[in-house]
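S.K.: File query-v1.csv follows (CSV, C-alpha atoms):
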chain,number,residue,atom,x,y,z
J,1,MET,CA,72.2,43.0,-44.9
J,2,SER,CA,70.2,44.3,-42.0
J,3,LEU,CA,69.4,42.1,-39.0
J,4,LEU,CA,65.7,41.5,-38.2
J,5,PRO,CA,64.7,42.5,-34.7
J,6,VAL,CA,64.4,39.8,-32.1
J,7,PRO,CA,60.7,39.1,-31.4
J,8,ASP,CA,59.4,40.1,-27.9
J,9,PRO,CA,58.5,36.9,-26.1
J,10,ASP,CA,55.6,38.7,-24.3
J,11,TRP,CA,54.1,40.1,-27.5
J,12,THR,CA,50.7,39.0,-28.7
J,13,PRO,CA,48.8,40.0,-31.9
J,14,ASP,CA,46.4,43.0,-31.5
J,15,ASN,CA,43.6,40.9,-33.1
J,16,TYR,CA,44.0,38.0,-30.6
J,17,GLU,CA,40.8,38.0,-28.7
J,18,TYR,CA,39.4,35.0,-26.8
J,19,SER,CA,37.4,35.9,-23.8
J,20,TYR,CA,35.8,33.7,-21.1
J,21,GLU,CA,32.4,34.6,-22.6
J,22,ASP,CA,33.4,32.9,-25.9
J,23,TYR,CA,34.6,29.9,-24.0
J,24,ASN,CA,31.5,29.7,-21.9
J,25,GLN,CA,29.3,30.0,-25.1
J,26,GLU,CA,31.2,27.0,-26.6
J,27,GLU,CA,30.6,25.0,-23.4
J,28,ASN,CA,26.9,25.9,-23.4
J,29,THR,CA,26.6,24.8,-27.1
J,30,SER,CA,28.2,21.6,-26.3
J,31,SER,CA,25.9,21.0,-23.3
J,32,ALA,CA,22.9,21.7,-25.5
J,33,VAL,CA,24.0,19.0,-27.9
J,34,ASP,CA,24.7,16.5,-25.2
J,35,HIS,CA,21.4,17.2,-23.4
J,36,PRO,CA,18.9,18.1,-26.1
J,37,GLU,CA,15.9,17.6,-23.8
J,38,ASN,CA,15.1,20.0,-21.0
J,39,PRO,CA,14.7,18.6,-17.5
J,40,ASP,CA,11.3,17.8,-16.1
J,41,TRP,CA,11.1,21.0,-14.1
J,42,TYR,CA,11.4,23.1,-17.3
J,43,TYR,CA,7.8,22.2,-18.2
J,44,THR,CA,6.2,22.1,-14.8
J,45,GLU,CA,4.3,25.4,-15.3
J,46,ASP,CA,2.5,24.2,-18.4
J,47,ASP,CA,2.3,20.5,-17.5
J,48,PRO,CA,-1.4,19.5,-16.9
J,49,CYS,CA,-0.1,16.4,-15.0
J,50,ARG,CA,1.8,18.4,-12.4
J,51,PRO,CA,0.5,17.9,-9.8
J,52,ASN,CA,-1.1,14.6,-10.7
J,53,PRO,CA,-4.9,15.2,-11.0
J,54,CYS,CA,-5.7,11.5,-11.0
J,55,GLU,CA,-6.9,10.0,-7.7
J,56,HIS,CA,-6.3,6.6,-6.2
J,57,GLY,CA,-2.9,6.0,-7.9
J,58,GLY,CA,-4.1,6.7,-11.5
J,59,ASP,CA,-1.5,7.5,-14.1
J,60,CYS,CA,-1.8,10.9,-15.8
J,61,LEU,CA,-1.2,10.9,-19.5
J,62,ILE,CA,-0.7,14.1,-21.5
J,63,LYS,CA,-3.1,14.4,-24.5
J,64,ALA,CA,-2.6,17.5,-26.7
J,65,ASP,CA,-3.0,20.4,-24.2
J,66,THR,CA,-5.0,18.4,-21.6
J,67,TYR,CA,-4.7,15.0,-20.0
J,68,VAL,CA,-6.4,11.6,-19.5
J,69,CYS,CA,-6.2,9.4,-16.4
J,70,SER,CA,-5.4,5.7,-16.7
J,71,CYS,CA,-7.1,4.2,-13.7
J,72,PRO,CA,-6.3,1.1,-11.8
J,73,VAL,CA,-9.2,-1.3,-11.2
J,74,PRO,CA,-11.6,-0.9,-9.4
J,75,PHE,CA,-11.5,2.9,-10.1
J,76,SER,CA,-12.8,4.8,-13.1
J,77,GLY,CA,-13.9,8.3,-14.1
J,78,SER,CA,-12.1,11.3,-15.6
J,79,ARG,CA,-10.0,11.5,-12.4
J,80,CYS,CA,-10.3,7.9,-11.2
J,81,GLN,CA,-12.7,9.2,-8.6
J,82,GLU,CA,-15.4,6.6,-9.1
J,83,VAL,CA,-15.4,3.1,-7.8
J,84,ILE,CA,-16.7,-0.2,-9.2
J,85,ASN,CA,-18.3,-1.3,-6.0
J,86,LYS,CA,-20.5,-4.4,-6.3
J,87,CYS,CA,-20.5,-4.7,-2.5
J,88,THR,CA,-23.2,-2.0,-2.2
J,89,ASP,CA,-25.7,-4.8,-3.3
J,90,LYS,CA,-24.7,-6.7,-0.1
J,91,PRO,CA,-24.0,-10.0,-1.9
J,92,CYS,CA,-22.2,-11.7,1.0
J,93,GLY,CA,-24.8,-12.4,3.6
J,94,ARG,CA,-23.0,-13.4,6.8
J,95,GLY,CA,-19.6,-12.7,5.3
J,96,GLU,CA,-17.5,-9.7,4.4
J,97,CYS,CA,-17.5,-8.3,0.9
J,98,LEU,CA,-14.0,-7.6,-0.6
J,99,ILE,CA,-13.1,-5.7,-3.7
J,100,THR,CA,-11.1,-7.5,-6.4
J,101,GLN,CA,-9.4,-6.4,-9.6
J,102,ASN,CA,-10.9,-9.1,-11.7
J,103,PRO,CA,-14.6,-9.8,-12.6
J,104,PRO,CA,-17.0,-9.9,-10.9
J,105,TYR,CA,-14.9,-7.3,-8.9
J,106,TYR,CA,-15.8,-8.7,-5.5
J,107,ARG,CA,-15.5,-11.9,-3.5
J,108,CYS,CA,-17.0,-13.0,-0.1
J,109,VAL,CA,-15.0,-14.0,2.9
J,110,CYS,CA,-17.2,-16.2,5.1
J,111,LYS,CA,-16.8,-16.5,8.8
J,112,HIS,CA,-16.7,-20.2,10.0
J,113,PRO,CA,-19.0,-22.1,9.8
J,114,TYR,CA,-20.6,-20.3,6.9
J,115,ARG,CA,-19.8,-21.4,3.4
J,116,GLY,CA,-20.8,-20.8,-0.2
J,117,SER,CA,-20.3,-17.9,-2.7
J,118,ASP,CA,-22.7,-15.8,-0.7
J,119,CYS,CA,-21.9,-17.3,2.8
J,120,SER,CA,-25.4,-18.5,3.2
J,121,SER,CA,-24.9,-22.2,3.9
J,122,VAL,CA,-23.7,-23.6,7.3
J,123,VAL,CA,-21.5,-26.6,8.0
J,124,PRO,CA,-21.0,-28.4,11.3
J,125,VAL,CA,-18.8,-26.1,13.4
J,126,CYS,CA,-16.3,-28.7,14.6
J,127,ARG,CA,-16.3,-31.2,11.7
J,128,PRO,CA,-13.7,-30.8,10.3
J,129,ASN,CA,-11.8,-29.2,13.1
J,130,PRO,CA,-11.3,-25.5,12.3
J,131,CYS,CA,-8.7,-25.0,15.1
J,132,GLN,CA,-5.1,-24.8,14.1
J,133,ASN,CA,-1.8,-25.8,15.8
J,134,GLY,CA,-3.4,-28.6,17.8
J,135,GLY,CA,-6.3,-26.6,19.1
J,136,THR,CA,-9.5,-28.5,20.1
J,137,CYS,CA,-13.0,-27.3,19.0
J,138,SER,CA,-15.9,-26.9,21.5
J,139,ARG,CA,-19.4,-26.5,20.1
J,140,HIS,CA,-21.9,-24.0,21.7
J,141,ARG,CA,-25.6,-24.4,21.9
J,142,ARG,CA,-26.1,-22.2,18.8
J,143,ARG,CA,-25.0,-24.2,15.8
J,144,SER,CA,-22.9,-21.3,14.5
J,145,LYS,CA,-20.9,-20.7,17.7
J,146,PHE,CA,-17.8,-22.5,18.8
J,147,THR,CA,-14.6,-22.0,20.8
J,148,CYS,CA,-11.1,-23.1,20.0
J,149,ASN,CA,-9.1,-24.3,23.1
J,150,CYS,CA,-5.5,-23.5,22.1
J,151,PRO,CA,-2.4,-25.2,23.4
J,152,ASP,CA,0.1,-23.2,25.4
J,153,GLN,CA,1.7,-20.2,23.6
J,154,PHE,CA,-0.9,-20.2,20.9
J,155,LYS,CA,-3.9,-17.8,20.7
J,156,GLY,CA,-6.4,-16.3,18.2
J,157,ARG,CA,-9.9,-17.4,17.2
J,158,LEU,CA,-8.5,-20.4,15.4
J,159,CYS,CA,-5.2,-20.7,17.5
J,160,GLU,CA,-3.5,-19.2,14.5
J,161,ILE,CA,-1.2,-16.8,16.4
J,162,GLY,CA,2.1,-18.4,17.4
J,163,PRO,CA,4.6,-17.5,20.2
J,164,ASP,CA,6.9,-15.8,17.7
J,165,ASP,CA,4.3,-13.4,16.3
J,166,CYS,CA,5.6,-10.1,17.6
J,167,TYR,CA,6.9,-6.8,16.3
J,168,VAL,CA,10.3,-5.0,16.5
J,169,GLY,CA,10.6,-1.2,17.0
J,170,ASP,CA,7.5,0.5,15.8
J,171,GLY,CA,6.3,-2.6,13.9
J,172,TYR,CA,6.8,-1.2,10.4
J,173,SER,CA,8.3,-4.5,9.4
J,174,TYR,CA,5.7,-6.6,11.1
J,175,ARG,CA,4.3,-9.4,8.9
J,176,GLY,CA,2.4,-11.5,11.5
J,177,GLN,CA,-1.2,-12.7,11.6
J,178,VAL,CA,-2.7,-10.8,14.5
J,179,SER,CA,-6.1,-9.4,13.3
J,180,LYS,CA,-7.6,-8.2,16.6
J,181,THR,CA,-7.3,-4.8,18.2
J,182,ILE,CA,-6.5,-4.0,21.8
J,183,ASN,CA,-10.3,-3.7,22.3
J,184,GLN,CA,-10.8,-7.1,20.7
J,185,HIS,CA,-12.4,-5.8,17.5
J,186,SER,CA,-11.9,-7.7,14.3
J,187,CYS,CA,-9.8,-5.9,11.7
J,188,LEU,CA,-11.2,-5.1,8.3
J,189,TYR,CA,-9.6,-6.6,5.3
J,190,TRP,CA,-7.3,-4.1,3.5
J,191,ASN,CA,-9.4,-4.7,0.3
J,192,SER,CA,-12.7,-4.2,2.1
J,193,HIS,CA,-15.2,-2.1,0.2
J,194,LEU,CA,-15.4,0.1,3.3
J,195,LEU,CA,-11.8,1.2,2.9
J,196,LEU,CA,-11.9,2.4,-0.7
J,197,GLN,CA,-11.8,6.0,0.3
J,198,GLU,CA,-9.1,5.5,2.9
J,199,HIS,CA,-5.5,6.5,2.2
J,200,TYR,CA,-4.3,3.1,3.3
J,201,ASN,CA,-5.7,0.1,1.5
J,202,VAL,CA,-4.7,-2.7,-0.9
J,203,PHE,CA,-4.9,-0.3,-3.9
J,204,MET,CA,-2.5,2.3,-2.5
J,205,GLU,CA,0.9,2.8,-4.2
J,206,ASP,CA,3.6,0.3,-2.9
J,207,ALA,CA,0.9,-1.6,-0.9
J,208,GLU,CA,3.0,-4.8,-1.0
J,209,THR,CA,6.1,-3.0,0.3
J,210,HIS,CA,4.1,-2.0,3.3
J,211,GLY,CA,2.8,-5.6,3.9
J,212,ILE,CA,-0.7,-4.7,2.8
J,213,GLY,CA,-2.6,-7.2,0.7
J,214,GLU,CA,-5.9,-9.1,0.5
J,215,HIS,CA,-5.9,-10.0,4.2
J,216,ASN,CA,-6.9,-8.4,7.5
J,217,PHE,CA,-3.6,-8.7,9.4
J,218,CYS,CA,-2.3,-5.7,11.5
J,219,ARG,CA,0.3,-3.5,9.8
J,220,ASN,CA,2.0,-0.1,10.3
J,221,PRO,CA,2.3,1.5,6.9
J,222,ASP,CA,2.5,5.1,8.2
J,223,GLY,CA,5.2,4.5,10.8
J,224,ASP,CA,2.9,4.9,13.9
J,225,LYS,CA,4.1,3.7,17.3
J,226,LYS,CA,2.9,0.1,16.8
J,227,PRO,CA,0.8,-2.0,14.3
J,228,TRP,CA,-2.8,-1.1,13.8
J,229,CYS,CA,-5.8,-1.8,11.6
J,230,PHE,CA,-9.2,-0.4,10.5
J,231,ILE,CA,-12.4,-1.6,12.2
J,232,LYS,CA,-16.0,-1.1,11.4
J,233,VAL,CA,-18.2,0.7,14.0
J,234,ASN,CA,-21.9,1.3,14.0
J,235,ASN,CA,-22.3,-1.1,11.0
J,236,ALA,CA,-21.0,1.5,8.6
J,237,LYS,CA,-18.4,3.9,10.0
J,238,VAL,CA,-14.7,3.1,9.9
J,239,LYS,CA,-12.0,4.0,12.4
J,240,TRP,CA,-8.6,2.6,13.4
J,241,GLU,CA,-7.3,1.0,16.6
J,242,TYR,CA,-3.9,-0.3,17.7
J,243,CYS,CA,-3.6,-4.0,17.6
J,244,ASP,CA,-3.4,-6.7,20.3
J,245,VAL,CA,0.1,-7.7,19.3
J,246,SER,CA,3.2,-7.9,21.6
J,247,ALA,CA,6.5,-6.3,21.1
J,248,CYS,CA,9.3,-8.8,20.6
J,249,SER,CA,11.4,-7.2,23.4
J,250,ALA,CA,8.5,-7.9,25.9
J,251,LEU,CA,8.7,-11.6,24.9
J,252,GLY,CA,12.4,-11.8,24.9
J,253,LYS,CA,12.5,-12.2,21.1
J,254,SER,CA,14.9,-10.6,18.6
J,255,MET,CA,13.0,-11.0,15.4
J,256,ALA,CA,9.6,-9.9,13.9
J,257,ILE,CA,7.5,-12.1,11.7
Written as structure tokens, how would this file's structure read?

M.R.:
Amino acid sequence: MSLLPVPDPDWTPDNYEYSYEDYNQEENTSSAVDHPENPDWYYTEDDPCRPNPCEHGGDCLIKADTYVCSCPVPFSGSRCQEVINKCTDKPCGRGECLITQNPPYYRCVCKHPYRGSDCSSVVPVCRPNPCQNGGTCSRHRRRSKFTCNCPDQFKGRLCEIGPDDCYVGDGYSYRGQVSKTINQHSCLYWNSHLLLQEHYNVFMEDAETHGIGEHNFCRNPDGDKKPWCFIKVNNAKVKWEYCDVSACSALGKSMAI
């Protein structure tokens, strides 16, 4: 009986082939199963919504080989480029016309002592007292004019600005009530019809995050050196100015409103 040869421990069959290429192919197949959808960038070249053609924060929706824009009120049009602007009819008399997102798509903000939906009626300037925080009202000769005499540390047309109304750093976090500029111009409301074409207004993306709403308080949504606001010049044009608001460090404060 003959003895069988002892197998060589380093020997492998001639037909044993398993390359890195095969292994990689298996991995790729597995990846394709785990991630059946291609990433967003894969379609960028043929995507009609990249970049977004819809203006004023409109959502771009793919429809067949084109797109449609879903527009936020008060914007409309194929690219949200048109505005529902009822303020062009000047419905607010002595007040300021503001754009709203609900019918009739505007409202009037009246300056004291004017009242009514169109700010056409007048009430006695000092009855009831419009001055806040203990301020006293002094009437002028003209029935629509008055002055608020504010107690110490309070200021503003209605004594509405308190001693803690200040900003920290560049004022990005400022949420106070100052609405006058360093040149004593009144700030426009962020939903004023005059700001519809501006980059910063109540209809901008993340407006609430930046402290912007249906008010005319100074803010710093673009990270400028201090809070600012838009003002109206020459009855129609819009420009911006820094606000008459103090830095907390100048007042010895450590917090911003």

S.K.: Rounded to one decimal, what separation in Å do you get between atom CA of Cys243 of chain J and atom CA of Gly223 of chain J?

M.R.: 14.0 Å

S.K.: Could you jot down the atom CA of Leu188 of chain J to atom CA of Val168 of chain J separation for me, Å, one decimal place?

M.R.: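 Going from atom CA of Leu188 of chain J over to atom CA of Val168 of chain J covers 23.0 Å.
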
S.K.: Can you work out which one of J:Cys248, J:Glu198, J:Asn133, J:Glu214 has the shortest atom-to-atom distance to Asp152 of chain J, counting all atoms listed in the file?

M.R.: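 Among the listed residues, the smallest separation from Asp152 of chain J belongs to J:Asn133.
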
S.K.: What is the atom CA of Arg142 of chain J-atom CA of Lys90 of chain J distance in Å, reported with one decimal?

M.R.: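 Computing the Euclidean distance for atom CA of Arg142 of chain J and atom CA of Lys90 of chain J yields 24.5 Å.
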
S.K.: Neighbours of Tyr172 of chain J within 6 Å (all atoms listed in the file; same-chain residues fewer than 2 positions away dropped), as a ChimeraX atom specification?

M.R.: /J:170,174,220,223

S.K.: Could you name the residues that touch Gly211 of chain J at 8 Å or less, counting all atoms listed in the file, but leaving out those on the same chain fewer than 4 positions away, as a PyMOL selection string?

M.R.: chain J and resi 173-175+207+219+221

S.K.: Could you give me, as a Markdown table, a per-residue list for segment 85-198 of chain J showing, wherever an atom lies at most 12 Å from an atom of segment 46-56 of chain J, the closest pair of atoms and their distance in Å to one decimal, using all atoms listed in the file and sorting by chain then residue number from low to high?

M.R.:
| residue | atom | partner | partner_atom | distance |
| --- | --- | --- | --- | --- |
| J:Leu195 | CA | J:His56 | CA | 11.9 |
| J:Leu196 | CA | J:His56 | CA | 8.9 |
| J:Gln197 | CA | J:His56 | CA | 8.5 |
| J:Glu198 | CA | J:His56 | CA | 9.6 |

S.K.: Counting all atoms listed in the file, which residue out of J:Met204, J:Ile84, J:Cys150, J:Cys108 sits closest to Gly57 of chain J?

M.R.: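 With all atoms listed in the file as the atom set, the closest residue is J:Met204.
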